[in-house]
Amino acid sequence: MDTDLAAAYDRCRDLHKRHGRTYYLATRLLPAWKRRHVHALYGFTRHADEIVDRTEDLPPAERAERLNDWAGRFLAGLDGASVDDPLLPAVLHTIAIFDLDRADFALFLRSMAMDLTVTSYPTYDDLLDYMEGSAAVIGTMMLPILGSSDPAAAREPARQLGFAFQLTNFIRDVAEDLDRGRTYLPDEDLDKFDLTRDDLLAARVRGAATDRIRGLIEYEVTRAQAHYLAAAPGVTLLAPASQGCIRTAYALYGRILDEVAAQGYDVFARRAVVPRRRRMAVAGRALLTPTGAPVVVPGPS
């Protein structure tokens with residue numbers, strides 16, 4: 001591997017380690033040769049996300065220009081152009097090695113662009129359309145790297161796991177997303193509980209949820225659990241060497257929902273976090289779990 005390519009993989013790994021603690025821990029359970037490719041995909045998605053979310057002091061047009069410029073260099077690289085970028089060589093190499101579907105990356109970039117202009121979603125179907133590019137395609141990008149005994153059967157569970165993970169993040173991060181001027185809980189769901197964005201903003205200021213907001217969050221947790229249930233069969237379809245990684249990620253993200261429930265569905269009192277000791281225990285159990293064992297779906301036992 002040449003120096004620039006190795007440095008790009010290192011850059012992706014550093015981004016993953018710094019910003020994706022839960023997922024990074026799970027990735028440590030993969031064979032070493034697979035890890036760098038997972039880091040590359042994470043680095044790609046994280047860098048795009050940072051262009052959107054870490055440049056909020058810039059005018060929207062300039063933020064869009066930065067995203068378009070970076071996306072243009074990526075797309076040119078896909079067509080064989082030389083790329084002068086500290087990160088892109090790694091993801092381009094990973095795409096080439098596994099012949100990943102370019103359409104997934106186009107959908108991802110579309111959803112990132114939506115974050116520059118879309119601040120709320122009227123219905124859950126509208127949110128699913130956004131998450132198709134921001135979450136479901138991450139599952140299908142990952143599948144060839146993880147390997148599967150039946151890729152066709154594993155594809156839909158992989159998509160569902162993407163939905164489950166991202167909806168978990170949306171539930172946990174309601175307060176932070178409000179600070180960015182966005183809500184990822186559908187308007188129709190707020191209406192169902194007689195709530196408005198102003199009610200959420202008031203809870204953010206108070207640092208405490210009302211009973212109606214708690215009801216809304218419990219509803220969204222139940223919805224996320226349905227995605228975990230749909231994703232569960234896919235774990236045992238993965239290559240044996242990959243099952244521990246995804247089993248761990250599945251359990252750790254599910255534990256975030258458990259933490260939300262344990263604090264009475266009040267996502268404004270504190271950010272739901274799985275303690276480090278518990279995260280390490282989950283990873284240890286995954287290592288000891290026999291290949292092919294079913295995963296435990298998050299939710300009431």
# chains A, B, ... in the order shown; residues from 1 in each chain; ligands from 1
call {"tool": "residues_around", "arguments": {"residues": "Pro275 of chain A", "least_positions_apart": "5", "cutoff": "10 Å", "atoms": "only C-alpha atoms", "output": "VMD selection string"}}
result
chain A and resid 255 to 256 259 280
call {"tool": "residues_around", "arguments": {"residues": "His37 of chain A", "least_positions_apart": "2", "cutoff": "12 Å", "atoms": "only C-alpha atoms", "output": "number ranges by chain"}}
result
A: 5-6, 8-10, 12-13, 16, 27, 30-35, 39-44, 89-98, 100, 141-146
call {"tool": "closest_residue", "arguments": {"among": "A:Ala103, A:Ala113, A:Ala203, A:Val296", "to": "Tyr130 of chain A", "atoms": "only C-alpha atoms"}}
result
A:Ala113
call {"tool": "closest_residue", "arguments": {"among": "A:Arg212, A:Arg247, A:Tyr121, A:Val221", "to": "Asp187 of chain A", "atoms": "only C-alpha atoms"}}
result
A:Tyr121
call {"tool": "closest_residue", "arguments": {"among": "A:Thr168, A:Thr117, A:Ser111, A:Ser149", "to": "Pro60 of chain A", "atoms": "only C-alpha atoms"}}
result
A:Thr117
call {"tool": "select_by_dssp", "arguments": {"residues": "segment 74-208 of chain A", "states": "alpha helix (DSSP H)", "output": "ChimeraX atom specification"}}
result
/A:74-78,88-98,102-114,124-131,137-146,151-172,174-179,187-192,197-206
call {"tool": "write_last_selection", "arguments": {"atoms": "C-alpha atoms", "output": "PDB file, in the first residue's frame"}}
result
ATOM      1  CA  PHE A  74     -15.256  12.112  -4.888  1.00  0.00           C
ATOM      2  CA  LEU A  75     -17.288  11.474  -8.041  1.00  0.00           C
ATOM      3  CA  ALA A  76     -14.326  12.435 -10.224  1.00  0.00           C
ATOM      4  CA  GLY A  77     -12.219   9.968  -8.253  1.00  0.00           C
ATOM      5  CA  LEU A  78     -14.770   7.246  -8.943  1.00  0.00           C
ATOM      6  CA  LEU A  88     -10.918  10.124  -0.209  1.00  0.00           C
ATOM      7  CA  PRO A  89      -8.222   7.726  -1.475  1.00  0.00           C
ATOM      8  CA  ALA A  90      -9.204   5.258   1.243  1.00  0.00           C
ATOM      9  CA  VAL A  91     -12.894   5.163   0.409  1.00  0.00           C
ATOM     10  CA  LEU A  92     -12.200   5.047  -3.336  1.00  0.00           C
ATOM     11  CA  HIS A  93      -9.879   2.096  -2.749  1.00  0.00           C
ATOM     12  CA  THR A  94     -12.506   0.342  -0.614  1.00  0.00           C
ATOM     13  CA  ILE A  95     -15.197   0.895  -3.259  1.00  0.00           C
ATOM     14  CA  ALA A  96     -12.915  -0.590  -5.908  1.00  0.00           C
ATOM     15  CA  ILE A  97     -11.877  -3.593  -3.792  1.00  0.00           C
ATOM     16  CA  PHE A  98     -15.460  -4.610  -2.992  1.00  0.00           C
ATOM     17  CA  ARG A 102     -22.140   3.766  -6.584  1.00  0.00           C
ATOM     18  CA  ALA A 103     -25.869   4.426  -6.285  1.00  0.00           C
ATOM     19  CA  ASP A 104     -25.593   4.029  -2.503  1.00  0.00           C
ATOM     20  CA  PHE A 105     -23.052   6.843  -2.351  1.00  0.00           C
ATOM     21  CA  ALA A 106     -25.198   9.078  -4.547  1.00  0.00           C
ATOM     22  CA  LEU A 107     -28.155   8.533  -2.209  1.00  0.00           C
ATOM     23  CA  PHE A 108     -25.985   9.302   0.794  1.00  0.00           C
ATOM     24  CA  LEU A 109     -24.777  12.595  -0.679  1.00  0.00           C
ATOM     25  CA  ARG A 110     -28.373  13.490  -1.544  1.00  0.00           C
ATOM     26  CA  SER A 111     -29.408  13.103   2.084  1.00  0.00           C
ATOM     27  CA  MET A 112     -26.448  15.169   3.276  1.00  0.00           C
ATOM     28  CA  ALA A 113     -27.539  17.941   0.927  1.00  0.00           C
ATOM     29  CA  MET A 114     -31.056  17.730   2.382  1.00  0.00           C
ATOM     30  CA  TYR A 124     -42.519   9.126   8.888  1.00  0.00           C
ATOM     31  CA  ASP A 125     -42.471   8.170   5.205  1.00  0.00           C
ATOM     32  CA  ASP A 126     -40.749  11.496   4.518  1.00  0.00           C
ATOM     33  CA  LEU A 127     -38.196  10.747   7.221  1.00  0.00           C
ATOM     34  CA  LEU A 128     -37.658   7.249   5.811  1.00  0.00           C
ATOM     35  CA  ASP A 129     -36.896   8.831   2.433  1.00  0.00           C
ATOM     36  CA  TYR A 130     -34.145  10.873   4.092  1.00  0.00           C
ATOM     37  CA  MET A 131     -32.888   7.868   6.083  1.00  0.00           C
ATOM     38  CA  VAL A 137     -27.372   2.608   2.349  1.00  0.00           C
ATOM     39  CA  ILE A 138     -24.736   2.402   5.078  1.00  0.00           C
ATOM     40  CA  GLY A 139     -26.007  -1.103   5.760  1.00  0.00           C
ATOM     41  CA  THR A 140     -25.823  -2.095   2.107  1.00  0.00           C
ATOM     42  CA  MET A 141     -22.369  -0.498   1.713  1.00  0.00           C
ATOM     43  CA  MET A 142     -21.142  -2.539   4.662  1.00  0.00           C
ATOM     44  CA  LEU A 143     -22.578  -5.875   3.559  1.00  0.00           C
ATOM     45  CA  PRO A 144     -19.932  -6.809   0.958  1.00  0.00           C
ATOM     46  CA  ILE A 145     -17.175  -5.970   3.463  1.00  0.00           C
ATOM     47  CA  LEU A 146     -18.757  -8.021   6.235  1.00  0.00           C
ATOM     48  CA  PRO A 151     -26.259 -11.567   0.407  1.00  0.00           C
ATOM     49  CA  ALA A 152     -29.726 -11.257  -1.140  1.00  0.00           C
ATOM     50  CA  ALA A 153     -31.451 -12.369   2.070  1.00  0.00           C
ATOM     51  CA  ALA A 154     -29.133 -10.220   4.220  1.00  0.00           C
ATOM     52  CA  ARG A 155     -29.735  -7.013   2.265  1.00  0.00           C
ATOM     53  CA  GLU A 156     -33.071  -5.969   3.808  1.00  0.00           C
ATOM     54  CA  PRO A 157     -31.983  -6.703   7.396  1.00  0.00           C
ATOM     55  CA  ALA A 158     -28.865  -4.603   6.713  1.00  0.00           C
ATOM     56  CA  ARG A 159     -31.073  -1.724   5.590  1.00  0.00           C
ATOM     57  CA  GLN A 160     -33.282  -2.129   8.640  1.00  0.00           C
ATOM     58  CA  LEU A 161     -30.273  -2.034  10.939  1.00  0.00           C
ATOM     59  CA  GLY A 162     -29.285   1.273   9.369  1.00  0.00           C
ATOM     60  CA  PHE A 163     -32.756   2.627  10.106  1.00  0.00           C
ATOM     61  CA  ALA A 164     -32.611   1.270  13.679  1.00  0.00           C
ATOM     62  CA  PHE A 165     -29.234   2.827  14.440  1.00  0.00           C
ATOM     63  CA  GLN A 166     -30.118   6.212  13.020  1.00  0.00           C
ATOM     64  CA  LEU A 167     -33.512   6.428  14.677  1.00  0.00           C
ATOM     65  CA  THR A 168     -31.753   5.569  17.954  1.00  0.00           C
ATOM     66  CA  ASN A 169     -29.437   8.528  17.354  1.00  0.00           C
ATOM     67  CA  PHE A 170     -32.375  10.813  16.547  1.00  0.00           C
ATOM     68  CA  ILE A 171     -34.119   9.828  19.787  1.00  0.00           C
ATOM     69  CA  ARG A 172     -30.999  10.326  21.899  1.00  0.00           C
ATOM     70  CA  VAL A 174     -33.324  15.500  20.068  1.00  0.00           C
ATOM     71  CA  ALA A 175     -31.838  18.370  22.095  1.00  0.00           C
ATOM     72  CA  GLU A 176     -28.664  18.649  20.016  1.00  0.00           C
ATOM     73  CA  ASP A 177     -30.616  18.560  16.760  1.00  0.00           C
ATOM     74  CA  LEU A 178     -32.875  21.352  18.007  1.00  0.00           C
ATOM     75  CA  ASP A 179     -29.738  23.409  18.595  1.00  0.00           C
ATOM     76  CA  ASP A 187     -44.509  16.453  12.510  1.00  0.00           C
ATOM     77  CA  GLU A 188     -47.354  13.936  12.404  1.00  0.00           C
ATOM     78  CA  ASP A 189     -45.940  12.282  15.528  1.00  0.00           C
ATOM     79  CA  LEU A 190     -45.756  15.613  17.353  1.00  0.00           C
ATOM     80  CA  ASP A 191     -49.386  16.210  16.347  1.00  0.00           C
ATOM     81  CA  LYS A 192     -50.334  12.782  17.706  1.00  0.00           C
ATOM     82  CA  ARG A 197     -41.472  22.294  17.984  1.00  0.00           C
ATOM     83  CA  ASP A 198     -41.886  25.195  20.413  1.00  0.00           C
ATOM     84  CA  ASP A 199     -42.790  22.651  23.110  1.00  0.00           C
ATOM     85  CA  LEU A 200     -39.562  20.790  22.400  1.00  0.00           C
ATOM     86  CA  LEU A 201     -37.568  24.013  22.476  1.00  0.00           C
ATOM     87  CA  ALA A 202     -39.115  24.938  25.829  1.00  0.00           C
ATOM     88  CA  ALA A 203     -38.119  21.521  27.201  1.00  0.00           C
ATOM     89  CA  ARG A 204     -34.602  22.099  25.910  1.00  0.00           C
ATOM     90  CA  VAL A 205     -34.417  25.362  27.860  1.00  0.00           C
ATOM     91  CA  ARG A 206     -35.884  23.740  31.015  1.00  0.00           C
TER      92      ARG A 206
END
call {"tool": "atom_distance", "arguments": {"atom1": "atom CA of Cys245 of chain A", "atom2": "atom CA of Arg11 of chain A"}}
result
21.2 Å
call {"tool": "residues_around", "arguments": {"residues": "Arg279 of chain A", "least_positions_apart": "6", "cutoff": "12 Å", "atoms": "only C-alpha atoms", "output": "list in words"}}
result
Arg21, Thr22, Tyr23, Tyr24, Leu25, Ala26, Thr248, Ala249, Tyr250, Ala251, Leu252, Tyr253, Gly254, Arg255, Ile256, Val273, Arg285 and Ala286 of chain A
call {"tool": "write_last_selection", "arguments": {"atoms": "C-alpha atoms", "output": "PDB file, in the first residue's frame"}}
result
ATOM      1  CA  ARG A  21     -17.015   5.282  20.009  1.00  0.00           C
ATOM      2  CA  THR A  22     -19.790   2.676  20.036  1.00  0.00           C
ATOM      3  CA  TYR A  23     -19.275   1.588  16.452  1.00  0.00           C
ATOM      4  CA  TYR A  24     -15.480   1.783  16.738  1.00  0.00           C
ATOM      5  CA  LEU A  25     -15.513  -0.594  19.698  1.00  0.00           C
ATOM      6  CA  ALA A  26     -17.611  -3.067  17.715  1.00  0.00           C
ATOM      7  CA  THR A 248     -21.911  -5.918  19.522  1.00  0.00           C
ATOM      8  CA  ALA A 249     -23.046  -2.831  17.600  1.00  0.00           C
ATOM      9  CA  TYR A 250     -26.627  -4.141  17.644  1.00  0.00           C
ATOM     10  CA  ALA A 251     -26.537  -4.662  21.408  1.00  0.00           C
ATOM     11  CA  LEU A 252     -24.799  -1.367  22.207  1.00  0.00           C
ATOM     12  CA  TYR A 253     -27.162   0.782  20.163  1.00  0.00           C
ATOM     13  CA  GLY A 254     -30.081  -1.120  21.631  1.00  0.00           C
ATOM     14  CA  ARG A 255     -28.745  -0.330  25.099  1.00  0.00           C
ATOM     15  CA  ILE A 256     -29.025   3.370  24.267  1.00  0.00           C
ATOM     16  CA  VAL A 273     -25.045   7.072  27.281  1.00  0.00           C
ATOM     17  CA  ARG A 285     -20.157 -11.355  25.614  1.00  0.00           C
ATOM     18  CA  ALA A 286     -20.205 -10.993  21.835  1.00  0.00           C
TER      19      ALA A 286
END
call {"tool": "atom_distance", "arguments": {"atom1": "atom CA of Gly207 of chain A", "atom2": "atom CA of Val274 of chain A"}}
result
19.9 Å
call {"tool": "atom_distance", "arguments": {"atom1": "atom CA of Glu220 of chain A", "atom2": "atom CA of Gly20 of chain A"}}
result
22.6 Å
call {"tool": "closest_residue", "arguments": {"among": "A:Asp101, A:Asp258, A:Glu62, A:Asp194", "to": "Glu218 of chain A", "atoms": "only C-alpha atoms"}}
result
A:Asp258
call {"tool": "closest_residue", "arguments": {"among": "A:Ala232, A:Leu238, A:Leu185, A:Ala281", "to": "Pro294 of chain A", "atoms": "only C-alpha atoms"}}
result
A:Ala232
call {"tool": "closest_residue", "arguments": {"among": "A:Asp266, A:Glu56, A:Gly234, A:Arg182", "to": "Ile213 of chain A", "atoms": "only C-alpha atoms"}}
result
A:Asp266
